[in-house]
>>> print(open('data.csv').read())   # CSV, C-alpha atoms
chain,number,residue,atom,x,y,z
R,1,MET,CA,-89.2,-48.9,2.2
R,2,GLY,CA,-89.6,-47.7,5.6
R,3,SER,CA,-87.8,-48.8,8.7
R,4,LEU,CA,-88.8,-48.5,12.3
R,5,ALA,CA,-86.4,-47.3,15.0
R,6,PRO,CA,-87.0,-46.4,18.7
R,7,GLY,CA,-87.3,-42.7,17.6
R,8,ASP,CA,-90.3,-43.5,15.4
R,9,ILE,CA,-92.5,-44.6,18.4
R,10,GLY,CA,-95.0,-42.0,19.7
R,11,PRO,CA,-96.1,-38.7,18.4
R,12,LYS,CA,-93.7,-36.7,16.2
R,13,ALA,CA,-92.1,-33.7,17.8
R,14,LYS,CA,-93.2,-30.4,16.4
R,15,PRO,CA,-90.3,-28.2,15.2
R,16,GLN,CA,-90.2,-24.9,17.1
R,17,ASN,CA,-90.1,-21.7,15.2
R,18,LYS,CA,-87.6,-19.3,16.7
R,19,ALA,CA,-89.4,-16.3,15.2
R,20,SER,CA,-92.6,-17.1,17.1
R,21,GLY,CA,-90.8,-17.6,20.4
R,22,SER,CA,-90.7,-20.6,22.6
R,23,LYS,CA,-93.3,-21.6,25.1
R,24,LYS,CA,-90.9,-21.5,28.0
R,25,ASN,CA,-91.0,-18.2,29.8
R,26,SER,CA,-87.9,-16.4,30.8
R,27,SER,CA,-88.0,-17.5,34.5
R,28,LYS,CA,-85.9,-20.3,35.9
R,29,ASP,CA,-88.9,-22.4,36.8
R,30,ILE,CA,-88.5,-26.1,36.1
R,31,TRP,CA,-92.2,-27.1,36.1
R,32,ASP,CA,-95.3,-25.4,35.0
R,33,ALA,CA,-98.0,-24.7,37.7
R,34,GLU,CA,-100.2,-27.4,36.2
R,35,GLU,CA,-97.5,-30.1,36.6
R,36,VAL,CA,-97.2,-29.6,40.4
R,37,VAL,CA,-99.5,-31.7,42.5
R,38,GLU,CA,-101.5,-29.8,45.2
R,39,GLY,CA,-99.9,-30.4,48.6
R,40,SER,CA,-96.5,-31.3,47.2
R,41,GLU,CA,-95.1,-28.0,48.5
R,42,TYR,CA,-95.5,-29.4,52.0
R,43,ASP,CA,-93.6,-32.6,51.3
R,44,CYS,CA,-90.1,-31.3,52.0
R,45,LEU,CA,-90.7,-28.9,54.8
R,46,HIS,CA,-88.5,-29.6,57.8
R,47,ASP,CA,-89.8,-27.9,60.9
R,48,PRO,CA,-88.2,-28.6,64.3
R,49,ARG,CA,-91.4,-28.0,66.2
R,50,PRO,CA,-93.1,-31.2,67.5
R,51,GLN,CA,-96.2,-32.6,65.9
R,52,PRO,CA,-99.3,-32.4,68.2
R,53,GLY,CA,-101.4,-35.4,68.9
R,54,TYR,CA,-104.4,-35.7,66.6
R,55,GLU,CA,-107.2,-38.2,65.7
R,56,ILE,CA,-109.5,-38.5,62.7
R,57,ILE,CA,-113.1,-39.4,63.4
R,58,TYR,CA,-115.7,-40.0,60.7
R,59,LYS,CA,-119.3,-38.8,61.1
R,60,GLN,CA,-122.5,-39.6,59.3
R,61,ALA,CA,-126.0,-38.3,59.3
R,62,VAL,CA,-128.2,-41.1,60.5
R,63,THR,CA,-132.0,-40.8,60.6
R,64,SER,CA,-134.7,-43.0,62.1
R,65,GLU,CA,-135.2,-44.6,58.7
R,66,ASP,CA,-131.6,-45.8,58.8
R,67,MET,CA,-131.7,-47.0,62.4
R,68,PHE,CA,-135.1,-48.6,62.9
R,69,LEU,CA,-136.7,-49.1,59.5
R,70,GLN,CA,-133.4,-50.0,57.8
R,71,MET,CA,-134.6,-48.4,54.6
R,72,GLY,CA,-131.3,-46.6,53.8
R,73,ASN,CA,-128.0,-48.0,52.5
R,74,LYS,CA,-126.0,-46.7,55.5
R,75,THR,CA,-123.5,-49.0,57.0
R,76,PRO,CA,-121.0,-48.5,59.9
R,77,ALA,CA,-118.2,-48.2,57.3
R,78,THR,CA,-116.4,-45.0,56.5
R,79,ALA,CA,-117.8,-45.2,53.0
R,80,SER,CA,-121.2,-44.1,54.4
R,81,CYS,CA,-119.8,-41.1,56.2
R,82,GLU,CA,-120.3,-37.5,55.1
R,83,ASP,CA,-118.0,-35.6,57.5
R,84,MET,CA,-114.4,-36.0,58.8
R,85,ILE,CA,-113.5,-34.5,62.1
R,86,VAL,CA,-109.9,-33.9,62.9
R,87,LYS,CA,-109.3,-33.4,66.7
R,88,ILE,CA,-105.9,-31.8,67.3
R,89,HIS,CA,-104.6,-31.6,70.9
R,90,LEU,CA,-102.6,-28.4,71.5
R,91,PRO,CA,-101.6,-28.2,75.2
R,92,GLU,CA,-100.4,-24.8,76.4
R,93,THR,CA,-101.7,-23.0,73.3
R,94,LYS,CA,-104.1,-20.1,73.0
R,95,MET,CA,-106.6,-20.0,70.1
R,96,SER,CA,-105.2,-16.7,68.9
R,97,ASP,CA,-101.8,-18.4,68.2
R,98,VAL,CA,-103.3,-21.0,65.9
R,99,GLU,CA,-102.9,-20.7,62.1
R,100,LEU,CA,-104.9,-23.2,60.1
R,101,ASP,CA,-104.9,-23.7,56.3
R,102,VAL,CA,-107.0,-26.5,54.8
R,103,LYS,CA,-106.6,-27.6,51.1
R,104,GLU,CA,-108.5,-30.3,49.3
R,105,LYS,CA,-106.2,-33.1,50.5
R,106,PHE,CA,-104.0,-31.4,53.1
R,107,LEU,CA,-104.3,-29.7,56.5
R,108,ASP,CA,-101.6,-27.3,57.7
R,109,LEU,CA,-101.6,-26.2,61.3
R,110,ARG,CA,-99.0,-24.0,62.9
R,111,THR,CA,-98.6,-22.5,66.3
R,112,PRO,CA,-95.5,-21.2,68.1
R,113,LYS,CA,-95.0,-24.6,69.7
R,114,TYR,CA,-96.4,-27.1,67.2
R,115,PHE,CA,-96.5,-27.9,63.5
R,116,LEU,CA,-98.8,-30.3,61.8
R,117,GLY,CA,-98.8,-31.1,58.1
R,118,LEU,CA,-101.4,-33.8,57.6
R,119,PHE,CA,-102.4,-35.4,54.3
R,120,LEU,CA,-106.1,-36.1,54.5
R,121,PRO,CA,-107.3,-39.7,53.7
R,122,HIS,CA,-110.2,-38.3,51.6
R,123,PRO,CA,-110.7,-35.2,49.5
R,124,VAL,CA,-112.7,-32.5,51.4
R,125,ASP,CA,-114.6,-29.3,50.5
R,126,HIS,CA,-112.1,-26.9,52.0
R,127,LYS,CA,-114.3,-23.9,51.6
R,128,LYS,CA,-117.1,-25.2,53.8
R,129,GLY,CA,-115.1,-26.5,56.8
R,130,LYS,CA,-115.7,-25.5,60.4
R,131,ALA,CA,-113.1,-25.2,63.2
R,132,GLN,CA,-114.1,-25.0,66.9
R,133,TRP,CA,-111.7,-24.4,69.8
R,134,ASP,CA,-112.3,-26.2,73.1
R,135,SER,CA,-110.4,-24.1,75.7
R,136,ARG,CA,-111.0,-26.6,78.6
R,137,SER,CA,-109.3,-29.5,76.8
R,138,GLN,CA,-107.1,-27.2,74.6
R,139,THR,CA,-108.3,-29.1,71.5
R,140,LEU,CA,-109.1,-27.8,68.0
R,141,HIS,CA,-112.0,-29.6,66.3
R,142,VAL,CA,-111.9,-29.2,62.5
R,143,THR,CA,-115.1,-30.5,60.8
R,144,LEU,CA,-114.7,-31.0,57.0
R,145,ARG,CA,-117.3,-32.2,54.5
R,146,MET,CA,-115.9,-35.1,52.4
R,147,VAL,CA,-116.2,-34.9,48.7
R,148,ARG,CA,-117.3,-38.3,47.4
R,149,ASP,CA,-118.3,-39.6,44.0
R,150,LEU,CA,-121.8,-41.0,43.7
R,151,ASP,CA,-121.7,-44.7,44.2
R,152,LEU,CA,-123.7,-47.5,46.0
R,153,PHE,CA,-123.4,-45.8,49.4
R,154,ASN,CA,-123.3,-42.1,48.5
R,155,PHE,CA,-126.3,-41.0,46.4
>>> encode(input="data.csv", output="structure tokens")
Amino acid sequence: MGSLAPGDIGPKAKPQNKASGSKKNSSKDIWDAEEVVEGSEYDCLHDPRPQPGYEIIYKQAVTSEDMFLQMGNKTPATASCEDMIVKIHLPETKMSDVELDVKEKFLDLRTPKYFLGLFLPHPVDHKKGKAQWDSRSQTLHVTLRMVRDLDLFNF
């Protein structure tokens, strides 16, 4: 007769053979690289530099069919937008001092005076982004193509 105990729930643990070696490497790492979420390395950074002002603007490609003939499924909602523009205001900063790193869901900007670690609201194609510096207003315009699943609005 069998009996059930809390240890019987779930898959059975495989015994490890000491002769074949364990899967853990000899380093003192707690997690494997696959277990760490992208962008989590920026969670605990403490930087005394102030955060610059920024705004996120959504941009969509609208044609005459969308505006006048109303043949497309475009709406004014952000679900119909293709691009995300992040405007970062950096007073008293030169373009040569700006370090920008964009990941799929995180934007990291560093200058000698400012630090911005921004989690993006939507995943972006970080390899096809474009940054433009406006020296008059001392603003960095970062245009990023959003990665969207195909749905009612994006096809």
>>> atom_distance(input="data.csv", atom1="CA of Pro123 (chain R)", atom2="CA of Met95 (chain R)")
25.9 Å
>>> residues_around(input="data.csv", residues="Asp101 (chain R)", least_positions_apart="4", cutoff="12 Å", atoms="only C-alpha atoms", output="VMD selection string")
chain R and resid 39 42 105 to 111 115 to 118 126 to 127 129 to 131 142
>>> closest_residue(input="data.csv", among="R:Trp133, R:Leu144, R:Thr78, R:Ser64", to="Glu104 (chain R)", atoms="all atoms listed in the file")
R:Leu144
>>> atom_distance(input="data.csv", atom1="CA of Pro121 (chain R)", atom2="CA of Ile57 (chain R)")
11.3 Å
>>> closest_residue(input="data.csv", among="R:Leu120, R:Glu99, R:His89, R:Arg145", to="Ala61 (chain R)", atoms="all atoms listed in the file")
R:Arg145
>>> atom_distance(input="data.csv", atom1="CA of Tyr58 (chain R)", atom2="CA of Met84 (chain R)")
4.6 Å
>>> decode(input="data.csv", residues="region 101-115 of chain R", atoms="N, CA and C atoms", output="PDB file, in the first residue's frame")
ATOM      1  N   ASP R 101      22.895  53.725 -23.508  1.00  0.00           N
ATOM      2  CA  ASP R 101      22.808  52.285 -23.719  1.00  0.00           C
ATOM      3  C   ASP R 101      21.335  51.905 -23.671  1.00  0.00           C
ATOM      4  N   VAL R 102      20.842  51.284 -24.742  1.00  0.00           N
ATOM      5  CA  VAL R 102      19.433  50.908 -24.820  1.00  0.00           C
ATOM      6  C   VAL R 102      19.347  49.398 -24.916  1.00  0.00           C
ATOM      7  N   LYS R 103      18.564  48.808 -24.015  1.00  0.00           N
ATOM      8  CA  LYS R 103      18.269  47.376 -24.047  1.00  0.00           C
ATOM      9  C   LYS R 103      16.822  47.215 -24.503  1.00  0.00           C
ATOM     10  N   GLU R 104      16.332  45.994 -24.523  1.00  0.00           N
ATOM     11  CA  GLU R 104      14.969  45.744 -25.002  1.00  0.00           C
ATOM     12  C   GLU R 104      13.918  46.457 -24.155  1.00  0.00           C
ATOM     13  N   LYS R 105      14.132  46.525 -22.838  1.00  0.00           N
ATOM     14  CA  LYS R 105      13.139  47.154 -21.965  1.00  0.00           C
ATOM     15  C   LYS R 105      13.750  48.189 -21.030  1.00  0.00           C
ATOM     16  N   PHE R 106      14.976  48.649 -21.311  1.00  0.00           N
ATOM     17  CA  PHE R 106      15.646  49.567 -20.389  1.00  0.00           C
ATOM     18  C   PHE R 106      16.506  50.547 -21.158  1.00  0.00           C
ATOM     19  N   LEU R 107      16.474  51.816 -20.731  1.00  0.00           N
ATOM     20  CA  LEU R 107      17.311  52.865 -21.312  1.00  0.00           C
ATOM     21  C   LEU R 107      18.229  53.375 -20.203  1.00  0.00           C
ATOM     22  N   ASP R 108      19.524  53.395 -20.458  1.00  0.00           N
ATOM     23  CA  ASP R 108      20.521  53.837 -19.488  1.00  0.00           C
ATOM     24  C   ASP R 108      21.277  55.007 -20.084  1.00  0.00           C
ATOM     25  N   LEU R 109      21.175  56.178 -19.449  1.00  0.00           N
ATOM     26  CA  LEU R 109      21.858  57.379 -19.921  1.00  0.00           C
ATOM     27  C   LEU R 109      22.720  57.917 -18.784  1.00  0.00           C
ATOM     28  N   ARG R 110      23.977  58.225 -19.107  1.00  0.00           N
ATOM     29  CA  ARG R 110      24.900  58.756 -18.104  1.00  0.00           C
ATOM     30  C   ARG R 110      25.677  59.924 -18.690  1.00  0.00           C
ATOM     31  N   THR R 111      25.772  60.974 -17.928  1.00  0.00           N
ATOM     32  CA  THR R 111      26.617  62.121 -18.230  1.00  0.00           C
ATOM     33  C   THR R 111      27.368  62.461 -16.949  1.00  0.00           C
ATOM     34  N   PRO R 112      28.335  63.362 -17.005  1.00  0.00           N
ATOM     35  CA  PRO R 112      29.008  63.739 -15.753  1.00  0.00           C
ATOM     36  C   PRO R 112      28.063  64.368 -14.725  1.00  0.00           C
ATOM     37  N   LYS R 113      26.961  64.968 -15.178  1.00  0.00           N
ATOM     38  CA  LYS R 113      26.046  65.645 -14.249  1.00  0.00           C
ATOM     39  C   LYS R 113      24.759  64.886 -13.979  1.00  0.00           C
ATOM     40  N   TYR R 114      24.338  63.988 -14.892  1.00  0.00           N
ATOM     41  CA  TYR R 114      23.028  63.355 -14.783  1.00  0.00           C
ATOM     42  C   TYR R 114      23.135  61.847 -14.937  1.00  0.00           C
ATOM     43  N   PHE R 115      22.137  61.156 -14.371  1.00  0.00           N
ATOM     44  CA  PHE R 115      22.012  59.703 -14.511  1.00  0.00           C
ATOM     45  C   PHE R 115      20.534  59.372 -14.695  1.00  0.00           C
TER      46      PHE R 115
END
